[in-house]
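What follows is the content of model.txt (compact mmCIF, C-alpha atoms and all ligand atoms).
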# COMPACT_ATOMS: atom_id res chain seq x y z
CA MET G 164 0.00 0.00 0.00
CA ARG G 165 2.46 2.63 -1.29
CA ILE G 166 1.86 6.33 -0.72
CA ILE G 167 1.76 8.10 -4.11
CA ASP G 168 0.80 11.63 -3.06
CA ALA G 169 0.89 13.82 0.04
CA ARG G 170 -0.25 17.44 -0.23
CA VAL G 171 -1.13 20.30 2.08
CA VAL G 172 -4.12 22.64 1.76
CA VAL G 173 -4.24 25.88 3.75
CA SER G 174 -7.73 27.35 3.75
CA SER G 175 -9.96 29.58 5.85
CA PRO G 176 -13.55 28.29 6.00
CA GLY G 177 -14.55 30.31 9.08
CA ARG G 178 -10.95 30.26 10.39
CA ASN G 179 -7.59 29.05 9.14
CA TYR G 180 -7.02 25.30 8.85
CA VAL G 181 -4.06 23.37 7.49
CA THR G 182 -5.07 19.96 6.11
CA LEU G 183 -2.77 17.16 4.98
CA ILE G 184 -4.11 14.76 2.34
CA VAL G 185 -2.33 11.43 1.77
CA GLU G 186 -3.18 9.11 -1.13
CA THR G 187 -2.13 5.50 -1.74
CA GLU G 188 -1.69 3.52 -4.94
CA ASP G 189 -4.86 1.57 -4.01
CA GLY G 190 -6.94 4.75 -4.28
CA LEU G 191 -7.35 5.28 -0.52
CA THR G 192 -7.20 8.81 0.89
CA GLY G 193 -6.48 9.86 4.47
CA ILE G 194 -6.57 13.33 6.01
CA GLY G 195 -4.98 14.90 9.07
CA ASP G 196 -5.22 18.31 10.73
CA ALA G 197 -1.97 20.33 10.80
CA THR G 198 -3.36 23.60 12.17
CA LEU G 199 -1.24 25.60 14.63
CA ASN G 200 -3.13 28.79 15.41
CA GLY G 201 -1.19 31.87 14.26
CA ARG G 202 1.73 29.78 12.94
CA GLU G 203 -0.12 27.88 10.21
CA LEU G 204 2.39 28.35 7.39
CA ALA G 205 5.31 27.07 9.47
CA VAL G 206 3.62 23.65 9.75
CA ALA G 207 2.52 23.78 6.10
CA SER G 208 6.14 24.35 5.05
CA TYR G 209 7.48 21.67 7.43
CA LEU G 210 5.12 19.20 5.77
CA ARG G 211 5.46 20.36 2.16
CA ASP G 212 9.20 20.92 2.17
CA HIS G 213 10.46 18.23 4.52
CA VAL G 214 7.86 15.53 5.21
CA CYS G 215 5.66 14.98 2.13
CA PRO G 216 8.65 14.13 -0.12
CA LEU G 217 9.73 11.48 2.41
CA LEU G 218 6.26 9.91 2.48
CA ILE G 219 6.16 9.13 -1.22
CA GLY G 220 6.80 5.42 -1.77
CA ARG G 221 6.41 4.48 1.93
CA ASP G 222 3.99 1.73 2.97
CA ALA G 223 0.95 3.54 4.43
CA ARG G 224 0.29 0.57 6.75
CA ARG G 225 3.48 1.17 8.77
CA ILE G 226 2.12 3.85 11.11
CA GLU G 227 4.47 3.31 14.08
CA ASP G 228 7.53 3.05 11.84
CA THR G 229 6.57 6.26 10.00
CA TRP G 230 6.05 8.02 13.35
CA GLN G 231 9.46 6.90 14.62
CA CYS G 232 11.17 7.92 11.36
CA LEU G 233 9.63 11.39 11.47
CA TYR G 234 10.32 11.89 15.20
CA ARG G 235 13.72 10.25 15.74
CA GLY G 236 14.82 10.65 12.13
CA ALA G 237 14.60 14.46 12.22
CA TYR G 238 17.14 14.54 15.10
CA TRP G 239 15.48 17.89 16.12
CA ARG G 240 12.66 16.49 18.20
CA ARG G 241 9.48 17.81 19.78
CA GLY G 242 8.18 21.38 19.52
CA PRO G 243 4.73 22.46 18.34
CA VAL G 244 5.59 22.77 14.63
CA THR G 245 7.27 19.36 14.37
CA MET G 246 4.68 17.54 16.48
CA THR G 247 1.70 19.10 14.68
CA ALA G 248 3.21 18.00 11.36
CA VAL G 249 3.88 14.48 12.67
CA ALA G 250 0.33 14.38 14.07
CA ALA G 251 -1.20 15.20 10.68
CA VAL G 252 0.70 12.35 9.02
CA ASP G 253 -0.21 9.95 11.83
CA VAL G 254 -3.95 10.73 11.70
CA ALA G 255 -3.97 10.50 7.88
CA LEU G 256 -2.38 7.03 8.12
CA TRP G 257 -4.89 5.86 10.76
CA ASP G 258 -7.65 7.20 8.49
CA ILE G 259 -6.24 5.12 5.60
CA LYS G 260 -5.86 2.03 7.81
CA GLY G 261 -9.49 2.32 8.89
CA LYS G 262 -10.66 2.65 5.29
CA ALA G 263 -8.53 -0.34 4.24
CA ALA G 264 -10.08 -2.41 7.05
CA ASP G 265 -13.56 -0.93 6.44
CA MET G 266 -13.73 0.01 10.12
CA PRO G 267 -13.95 3.21 12.14
CA VAL G 268 -10.62 3.98 13.83
CA TYR G 269 -12.00 3.44 17.35
CA GLN G 270 -12.59 -0.22 16.43
CA LEU G 271 -8.93 -0.55 15.43
CA LEU G 272 -7.94 0.99 18.78
CA GLY G 273 -9.70 -1.74 20.74
CA GLY G 274 -13.37 -0.88 20.26
CA ALA G 275 -15.82 1.16 22.30
CA ALA G 276 -14.97 1.41 25.99
CA ARG G 277 -18.12 3.52 26.53
CA ASP G 278 -21.40 4.38 24.79
CA GLY G 279 -20.43 7.96 24.08
CA VAL G 280 -17.92 10.65 24.97
CA MET G 281 -18.95 13.30 27.51
CA LEU G 282 -18.32 16.77 26.11
CA TYR G 283 -17.80 20.05 27.86
CA THR G 284 -18.95 23.17 26.14
CA HIS G 285 -18.36 26.88 26.80
CA ALA G 286 -20.73 29.33 28.48
CA SER G 287 -19.61 32.95 28.71
CA GLY G 288 -20.89 36.48 29.10
CA GLU G 289 -19.93 40.12 29.39
CA THR G 290 -22.01 40.18 32.61
CA LEU G 291 -23.13 37.52 35.07
CA ALA G 292 -26.66 37.86 33.69
CA ASP G 293 -25.35 37.15 30.16
CA LEU G 294 -23.33 34.20 31.48
CA HIS G 295 -26.42 32.75 33.21
CA GLU G 296 -28.46 33.09 30.01
CA ASP G 297 -25.75 31.32 28.00
CA PHE G 298 -25.37 28.62 30.68
CA GLN G 299 -29.12 27.93 30.52
CA ALA G 300 -28.92 27.69 26.71
CA HIS G 301 -26.20 25.01 27.01
CA LEU G 302 -28.23 23.13 29.65
CA ASP G 303 -31.21 23.23 27.28
CA GLN G 304 -29.03 21.63 24.59
CA GLY G 305 -28.34 18.75 26.98
CA PHE G 306 -24.71 19.45 27.97
CA LYS G 307 -23.65 17.88 31.29
CA ALA G 308 -20.32 19.71 31.69
CA ILE G 309 -19.93 23.43 31.05
CA ARG G 310 -16.92 25.76 31.17
CA VAL G 311 -17.78 29.17 32.62
CA GLN G 312 -15.95 32.40 31.76
CA SER G 313 -17.07 35.98 32.32
CA ALA G 314 -15.68 39.42 31.61
CA ILE G 315 -13.90 40.84 34.67
CA PRO G 316 -15.27 44.16 35.91
CA GLY G 317 -12.60 46.83 35.38
CA LEU G 318 -10.77 44.96 32.61
CA GLU G 319 -11.48 45.92 29.01
CA LYS G 320 -11.06 42.45 27.53
CA THR G 321 -11.02 38.95 29.04
CA TYR G 322 -9.99 35.59 27.61
CA GLY G 323 -12.91 33.46 26.43
CA ILE G 324 -15.58 36.12 25.87
CA PRO G 325 -16.89 36.24 22.29
CA ALA G 326 -17.68 39.52 20.57
CA PRO G 327 -21.42 40.30 20.59
CA GLY G 328 -23.30 38.60 17.74
CA GLY G 329 -23.48 34.99 18.88
CA GLU G 330 -20.50 33.66 16.86
CA ILE G 331 -18.25 30.95 18.29
CA TYR G 332 -15.39 32.52 20.31
CA GLU G 333 -12.29 33.16 18.22
CA PRO G 334 -9.25 34.82 19.80
CA ALA G 335 -7.11 35.12 16.62
CA SER G 336 -7.62 38.35 14.72
CA GLY G 337 -5.81 40.88 12.53
CA SER G 338 -2.55 40.66 10.62
CA ARG G 339 -0.64 41.67 13.79
CA PRO G 340 -1.37 40.49 17.36
CA GLN G 341 -3.97 42.55 19.19
CA GLU G 342 -2.86 43.73 22.67
CA ASP G 343 -4.97 42.96 25.76
CA ARG G 344 -4.53 44.31 29.33
CA TRP G 345 -4.44 42.09 32.40
CA ASP G 346 -4.71 42.66 36.15
CA THR G 347 -4.57 39.62 38.46
CA ALA G 348 -6.13 41.23 41.56
CA PRO G 349 -9.66 41.88 40.20
CA TYR G 350 -9.62 38.49 38.46
CA LEU G 351 -8.80 36.64 41.68
CA ASP G 352 -11.59 38.45 43.52
CA PHE G 353 -14.13 38.00 40.75
CA ALA G 354 -13.63 34.42 39.52
CA PRO G 355 -14.97 32.77 42.75
CA GLN G 356 -17.97 35.16 42.73
CA MET G 357 -18.72 34.14 39.14
CA VAL G 358 -18.67 30.42 39.96
CA ALA G 359 -20.68 30.99 43.18
CA SER G 360 -23.37 32.80 41.19
CA ILE G 361 -23.71 29.80 38.84
CA ARG G 362 -24.03 27.35 41.75
CA GLU G 363 -26.60 29.61 43.48
CA GLU G 364 -28.70 29.89 40.32
CA PHE G 365 -28.31 26.38 38.86
CA GLY G 366 -27.29 24.13 41.77
CA TYR G 367 -24.74 21.32 41.72
CA GLY G 368 -26.13 19.06 39.00
CA THR G 369 -23.74 20.14 36.23
CA HIS G 370 -19.97 19.67 36.01
CA LEU G 371 -18.34 23.12 36.14
CA LEU G 372 -14.99 23.94 34.55
CA HIS G 373 -13.00 27.17 34.32
CA ASP G 374 -9.96 28.10 32.19
CA VAL G 375 -7.40 30.36 33.89
CA HIS G 376 -5.35 30.41 30.65
CA HIS G 377 -1.89 30.32 32.28
CA ARG G 378 -2.26 33.71 34.04
CA LEU G 379 -1.49 33.07 37.71
CA SER G 380 1.60 32.43 39.82
CA PRO G 381 1.60 29.11 41.73
CA ILE G 382 0.56 30.71 45.03
CA GLU G 383 -2.17 32.78 43.33
CA ALA G 384 -3.44 29.60 41.68
CA ALA G 385 -3.42 27.88 45.08
CA ARG G 386 -5.57 30.72 46.45
CA LEU G 387 -8.02 30.40 43.56
CA GLY G 388 -8.23 26.64 44.00
CA LYS G 389 -9.02 27.04 47.71
CA ALA G 390 -11.62 29.72 47.07
CA LEU G 391 -13.36 27.44 44.54
CA GLU G 392 -13.42 24.34 46.77
CA PRO G 393 -16.98 24.90 48.07
CA HIS G 394 -18.22 25.02 44.46
CA ARG G 395 -16.93 21.49 43.64
CA MET G 396 -15.31 22.23 40.30
CA PHE G 397 -14.76 19.48 37.74
CA TRP G 398 -11.43 21.27 37.12
CA ILE G 399 -9.55 24.51 36.85
CA GLU G 400 -7.48 24.56 33.68
CA ASP G 401 -4.00 25.95 33.00
CA PRO G 402 -3.78 27.78 36.34
CA THR G 403 -0.09 28.66 35.72
CA PRO G 404 2.15 28.68 32.61
CA ALA G 405 2.12 25.05 31.52
CA GLU G 406 5.83 24.55 30.89
CA ASP G 407 6.66 24.96 34.62
CA GLN G 408 5.73 21.45 35.76
CA SER G 409 7.00 21.79 39.35
CA ALA G 410 4.73 24.84 39.90
CA PHE G 411 1.88 22.37 40.22
CA ARG G 412 3.44 20.96 43.38
CA THR G 413 2.78 24.27 45.12
CA ILE G 414 -0.82 24.43 43.90
CA ARG G 415 -1.42 20.79 44.84
CA GLN G 416 -0.15 21.28 48.40
CA HIS G 417 -2.87 23.86 49.04
CA THR G 418 -6.05 22.77 47.31
CA THR G 419 -8.29 19.83 46.48
CA THR G 420 -9.77 21.58 43.43
CA PRO G 421 -8.93 19.27 40.48
CA LEU G 422 -6.27 20.54 38.08
CA ALA G 423 -6.07 20.21 34.28
CA VAL G 424 -3.27 21.20 31.93
CA GLY G 425 -1.79 20.26 28.57
CA GLU G 426 -3.35 22.01 25.57
CA VAL G 427 0.06 23.50 24.67
CA PHE G 428 1.96 20.26 25.30
CA ASN G 429 3.30 18.39 22.32
CA SER G 430 4.98 15.32 23.75
CA ILE G 431 4.87 12.84 26.61
CA TRP G 432 7.97 14.53 28.02
CA ASP G 433 6.02 17.76 28.61
CA CYS G 434 3.72 15.99 31.06
CA GLN G 435 5.92 13.23 32.47
CA GLN G 436 6.56 14.90 35.84
CA LEU G 437 2.98 16.15 36.19
CA ILE G 438 1.64 12.65 35.65
CA THR G 439 4.18 10.54 37.53
CA GLU G 440 4.15 12.84 40.59
CA ARG G 441 0.32 12.91 40.48
CA LEU G 442 0.31 16.71 40.33
CA ILE G 443 -2.71 16.91 38.00
CA ASP G 444 -6.05 15.19 37.57
CA TYR G 445 -6.65 15.66 33.82
CA ILE G 446 -4.20 15.78 30.93
CA ARG G 447 -5.45 17.99 28.07
CA ALA G 448 -3.02 17.13 25.26
CA SER G 449 -4.65 16.95 21.83
CA VAL G 450 -4.34 14.62 18.85
CA SER G 451 -3.26 17.40 16.51
CA HIS G 452 -0.64 19.11 18.68
CA ALA G 453 0.79 16.08 20.47
CA GLY G 454 1.97 13.82 17.68
CA GLY G 455 -1.28 12.23 16.56
CA ILE G 456 -3.28 9.20 17.69
CA THR G 457 -0.13 7.08 18.14
CA HIS G 458 1.57 9.45 20.59
CA LEU G 459 -1.57 10.67 22.39
CA ARG G 460 -2.49 7.08 23.24
CA ARG G 461 0.98 6.68 24.77
CA ILE G 462 0.43 9.80 26.92
CA PHE G 463 -2.97 8.54 28.07
CA ALA G 464 -1.54 5.08 28.83
CA LEU G 465 1.09 6.67 31.10
CA ALA G 466 -1.61 8.83 32.69
CA ASP G 467 -3.76 5.76 33.37
CA LEU G 468 -1.00 4.24 35.53
CA TYR G 469 -1.19 7.29 37.82
CA GLY G 470 -4.96 7.81 37.95
CA VAL G 471 -4.90 10.82 35.63
CA ARG G 472 -7.76 11.05 33.13
CA SER G 473 -7.98 12.56 29.65
CA GLY G 474 -9.58 15.93 28.90
CA SER G 475 -8.43 16.77 25.39
CA HIS G 476 -8.31 20.27 24.01
CA GLY G 477 -11.02 20.78 21.38
CA ALA G 478 -11.12 24.49 20.59
CA GLY G 479 -12.35 25.78 17.22
CA ASP G 480 -8.79 26.05 15.93
CA LEU G 481 -8.59 22.24 15.91
CA SER G 482 -10.33 21.28 12.67
CA PRO G 483 -13.21 18.78 12.40
CA ALA G 484 -10.60 16.19 11.32
CA SER G 485 -8.81 16.72 14.61
CA PHE G 486 -12.02 16.63 16.66
CA ALA G 487 -13.09 13.39 14.98
CA ALA G 488 -9.69 11.79 15.62
CA ALA G 489 -9.97 12.84 19.28
CA LEU G 490 -13.36 11.12 19.56
CA HIS G 491 -11.92 7.81 18.28
CA VAL G 492 -9.23 7.96 20.99
CA ASP G 493 -11.75 9.07 23.65
CA MET G 494 -14.07 6.16 22.82
CA SER G 495 -11.39 3.52 23.22
CA ILE G 496 -9.17 4.44 26.19
CA PRO G 497 -9.93 3.24 29.73
CA ASN G 498 -9.14 6.57 31.45
CA PHE G 499 -11.29 8.97 29.44
CA GLY G 500 -12.40 12.02 31.44
CA VAL G 501 -14.08 14.60 29.23
CA GLN G 502 -13.64 16.11 25.75
CA GLU G 503 -13.75 19.84 24.99
CA TYR G 504 -16.25 20.84 22.29
CA MET G 505 -16.58 24.31 20.80
CA GLY G 506 -17.90 23.50 17.34
CA HIS G 507 -16.72 25.12 14.10
CA ARG G 508 -17.77 28.35 12.47
CA PRO G 509 -19.56 28.19 9.15
CA PRO G 510 -18.63 27.62 6.36
CA ALA G 511 -16.41 24.86 7.85
CA ASP G 512 -19.28 22.45 7.11
CA GLU G 513 -18.97 23.23 3.35
CA VAL G 514 -15.41 21.91 3.45
CA PHE G 515 -15.49 19.14 6.10
CA SER G 516 -18.27 16.50 6.12
CA VAL G 517 -18.35 14.53 9.35
CA SER G 518 -19.79 11.24 10.57
CA TYR G 519 -19.65 12.16 14.28
CA SER G 520 -22.84 13.11 16.07
CA ILE G 521 -23.71 14.89 19.31
CA SER G 522 -26.68 14.22 21.51
CA GLU G 523 -27.48 14.91 25.18
CA GLY G 524 -24.01 16.29 25.85
CA HIS G 525 -22.24 13.21 24.47
CA ALA G 526 -20.51 12.60 21.14
CA HIS G 527 -20.05 9.45 19.08
CA PRO G 528 -17.49 9.28 16.25
CA GLY G 529 -19.89 7.36 13.97
CA ASP G 530 -19.17 4.14 12.11
CA ALA G 531 -17.84 5.43 8.80
CA PRO G 532 -14.48 3.79 7.94
CA GLY G 533 -11.39 5.70 9.07
CA ILE G 534 -11.83 8.89 11.09
CA GLY G 535 -15.13 9.60 9.32
CA VAL G 536 -14.34 13.06 7.91
CA THR G 537 -14.11 14.02 4.25
CA PHE G 538 -12.37 17.14 2.99
CA ASP G 539 -13.65 18.95 -0.13
CA GLU G 540 -10.62 20.55 -1.79
CA GLU G 541 -12.71 22.54 -4.30
CA ALA G 542 -14.79 24.04 -1.50
CA ALA G 543 -11.60 24.80 0.48
CA ALA G 544 -10.19 26.70 -2.53
CA ARG G 545 -13.10 29.13 -2.25
CA HIS G 546 -11.84 30.15 1.24
CA PRO G 547 -8.18 31.24 0.92
CA TYR G 548 -5.76 31.60 3.84
CA ASP G 549 -6.37 34.71 5.92
CA PRO G 550 -3.38 35.49 8.22
CA LYS G 551 -4.41 36.02 11.85
CA TYR G 552 -2.59 36.13 15.19
CA LEU G 553 -3.41 35.28 18.78
CA PRO G 554 -3.34 38.31 21.13
CA ILE G 555 -0.50 39.48 23.36
CA ASN G 556 -1.35 40.20 27.00
CA ARG G 557 0.22 43.06 28.99
CA ARG G 558 -0.10 43.96 32.67
CA LEU G 559 -1.35 47.45 33.49
CA ASP G 560 2.26 48.74 33.60
CA GLY G 561 2.90 47.39 30.09
CA THR G 562 4.89 44.26 31.03
CA VAL G 563 4.15 41.30 28.76
CA HIS G 564 2.14 38.67 30.68
CA ASP G 565 1.04 35.15 29.70
CA TRP G 566 -1.98 35.19 27.40
O1 LIG G 601 -5.40 28.72 19.80
C1 LIG G 601 -5.54 28.89 21.18
C2 LIG G 601 -6.85 28.30 21.66
O2 LIG G 601 -6.99 26.98 21.22
C3 LIG G 601 -6.97 28.34 23.15
O3 LIG G 601 -6.88 29.68 23.59
C4 LIG G 601 -8.30 27.76 23.58
O4 LIG G 601 -7.63 27.70 25.87
C5 LIG G 601 -8.34 27.28 24.99
C6 LIG G 601 -9.30 26.22 25.31
O5 LIG G 601 -9.25 25.75 26.43
O6 LIG G 601 -10.10 25.86 24.45
MG MG G 602 -7.61 26.34 27.54
Translate this file's structure into structure tokens.
Ligand code: KDG
Ligand code: MG
Amino acid sequence: MRIIDARVVVSSPGRNYVTLIVETEDGLTGIGDATLNGRELAVASYLRDHVCPLLIGRDARRIEDTWQCLYRGAYWRRGPVTMTAVAAVDVALWDIKGKAADMPVYQLLGGAARDGVMLYTHASGETLADLHEDFQAHLDQGFKAIRVQSAIPGLEKTYGIPAPGGEIYEPASGSRPQEDRWDTAPYLDFAPQMVASIREEFGYGTHLLHDVHHRLSPIEAARLGKALEPHRMFWIEDPTPAEDQSAFRTIRQHTTTPLAVGEVFNSIWDCQQLITERLIDYIRASVSHAGGITHLRRIFALADLYGVRSGSHGAGDLSPASFAAALHVDMSIPNFGVQEYMGHRPPADEVFSVSYSISEGHAHPGDAPGIGVTFDEEAAARHPYDPKYLPINRRLDGTVHDW
């Protein structure tokens, strides 16, 4: 089953996506998501210039061997660009393997370990009243786990709050990064009030999550975790910058609020200490940024040994191909926790057709062979690449802070 073509399409159906398409001599096609928000063309070039030529003539069935060749064979290992490129190849090969076997990928991974995958969705608002209205709308749609974010009084802009108009939240904008302002003190006072208001209004029947987006110091995060304990959070996410693994020891010593981290991780080495020292409860690495299905399964297998569960990143900048691949992994691993779901802005559905379905807050990848997503190249060509950047965050005195 020789690979005869591997090509990259960069398009913007609602937002920028980089898609790898791999074809075999038998006429099978596999796709993988290679999107890295704000750095799309770096991954496209890595694939086009350095990886696609190496794929031609390889046996598409040899997924592990291809992964090892691309990872070890590059000598320069890890990093978001490399691992997103490797992930796209890996998912495309699993897609082809599923089609060759006439099976959905989750069957190849061991079959369904559950009936469906619990999703968490996002509720947000400029005010607490807006947040409550949005929370109710998500409850009405059947979601059982909801992330809550609200604008912080006194701050002009806050992570996770969409512009008015009802569109799915999208932080990337403009041909240069927009600059936001940040002040920790009002945030630390307000975040517990926000969560308390949700519990007072809606009770304890829904799993509540909150994303701190890397903005606190370890001791500030410990204070937030303690303040949120009465509200029984499902998790707080990215309380401190994710690359500082030992910071979580400080947070852990002070609070029983569950901790989640990992959306910016790209290899098992990024989370080794967090998992083996039991410093977190959920690992949020994603298929498309952490080396594909092959490597993500390895991360989750390590996590399982230490009682850590999965909670994969699933923001809108991970394409439907990535979300589908995540669902196949989520269905089949023993230590699944929850899967993030934001949906995709139209006209993504003109370009990606999907077999997954969502009902009562749970997703199923569907039983189409492979990952169950088709990519329409002609439709993608109607939506050309549109350069956009994630924002930069500055403290009130102008110092650059974590965004
Ligand atoms: O591209 C960056 C986004 O994916 C990220 O800001 C979203 O934090 C995020 C989340 O939890 O979905
Ligand atoms: Mg996040």
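When all atoms listed in the file are used to measure the gap to Val563 of chain G, the shortest distance among G:Ile534, G:His476, G:Ser482, G:Arg378 belongs to G:Arg378.
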Review point. Counting all atoms listed in the file, which of G:Val375, G:Leu272, G:Ala169, G:Ala348 gets nearest to ligand MG 602 (chain G)?
Key: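 For ligand MG 602 (chain G), the nearest of the given residues is G:Val375.
Comparing the minimum interatomic distances between Ala478 of chain G and each of G:Gln502, G:Gln408, G:Gln231, G:Ser336, counting only C-alpha atoms, we find that G:Gln502 sits nearest.
Compared by their closest atoms to His525 of chain G, and using all atoms listed in the file, the residues G:Asp407, G:Asp480, G:Asp278, G:Glu541 rank with G:Asp278 nearest.
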Review point. What is the atom CA of Asn200 of chain G to atom O2 of ligand LIG 601 (chain G) distance in Å?
Key: 7.2 Å
Check your understanding: At what distance in Å, to one decimal, does atom CA of Ala248 of chain G lie from atom CA of Trp398 of chain G?
Key ->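 Atom-to-atom, atom CA of Trp398 of chain G and atom CA of Ala248 of chain G are spaced 29.8 Å apart.
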Practice item. Using only C-alpha atoms and all ligand atoms, find each residue with an atom at most 10 Å away from ligand LIG 601 (chain G) and format the answer as JSON, numbers by chain. Key: {"G": [198, 199, 200, 201, 202, 284, 285, 310, 322, 323, 332, 333, 334, 335, 373, 374, 375, 376, 377, 400, 401, 424, 425, 426, 427, 447, 475, 476, 477, 478, 479, 480, 481, 503, 504, 505, 552, 553, 554, 566]}
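With only C-alpha atoms and all ligand atoms as the basis for measurement, G:Pro404 is the residue among G:Gly535, G:Gly274, G:Pro176, G:Pro404 that approaches ligand MG 602 (chain G) most closely.
Compared by their closest atoms to Leu391 of chain G, and using all atoms listed in the file, the residues G:Ile456, G:Leu372, G:Ala263, G:Ile443 rank with G:Leu372 nearest.
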Give the padded box for segment 478-487 of chain G as AutoDock Vina command-line options: axis-aligned, covering all atoms listed in the file, 6 Å on each side, centre and edge lengths in Å to one decimal.
--center_x -10.9 --center_y 19.7 --center_z 16.0 --size_x 16.6 --size_y 24.7 --size_z 21.3
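All residues of protein, DNA or RNA that reach within 7 Å of segment 520-523 of chain G, judged by all atoms listed in the file and not counting those fewer than 5 positions away in the chain, are Gln304, Gly305, Phe306, Pro528 and Gly529 of chain G.
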For the selection you just gave me, I'd like the residues written to a file as a compact mmCIF listing (two decimals), in the coordinates of the input, keeping C-alpha atoms.
# COMPACT_ATOMS: atom_id res chain seq x y z
CA GLN G 304 -29.03 21.63 24.59
CA GLY G 305 -28.34 18.75 26.98
CA PHE G 306 -24.71 19.45 27.97
CA PRO G 528 -17.49 9.28 16.25
CA GLY G 529 -19.89 7.36 13.97
Excluding Ile324 of chain G and residues on its chain fewer than 5 positions from it, collect all residues at most 7 Å away from it, counting all atoms listed in the file, and give them as a tab-separated table (two decimals) with C-alpha atoms, in the coordinates of the input.
chain	number	residue	atom	x	y	z
G	287	SER	CA	-19.61	32.95	28.71
G	288	GLY	CA	-20.89	36.48	29.10
G	289	GLU	CA	-19.93	40.12	29.39
G	312	GLN	CA	-15.95	32.40	31.76
G	313	SER	CA	-17.07	35.98	32.32
G	314	ALA	CA	-15.68	39.42	31.61
G	332	TYR	CA	-15.39	32.52	20.31
Review point. Within 9 Å of Arg386 of chain G, counting only C-alpha atoms, which residues qualify if same-chain residues fewer than 6 places away don't, as a list in words?
Key: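 Contacts, with the query itself left out: Leu351, Ile414, His417 and Thr418 of chain G.
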Exercise for review: List the neighbours of Pro510 of chain G out to 7 Å using all atoms listed in the file; skip same-chain residues closer than 2 positions along the sequence, and give me the result as an NGL selection string.
Suggested key: :G and (176-177 or 508 or 512-513)
Review point. Between atom CA of Val501 of chain G and atom CA of Glu227 of chain G, what is the spacing in Å?
Key: 26.5 Å
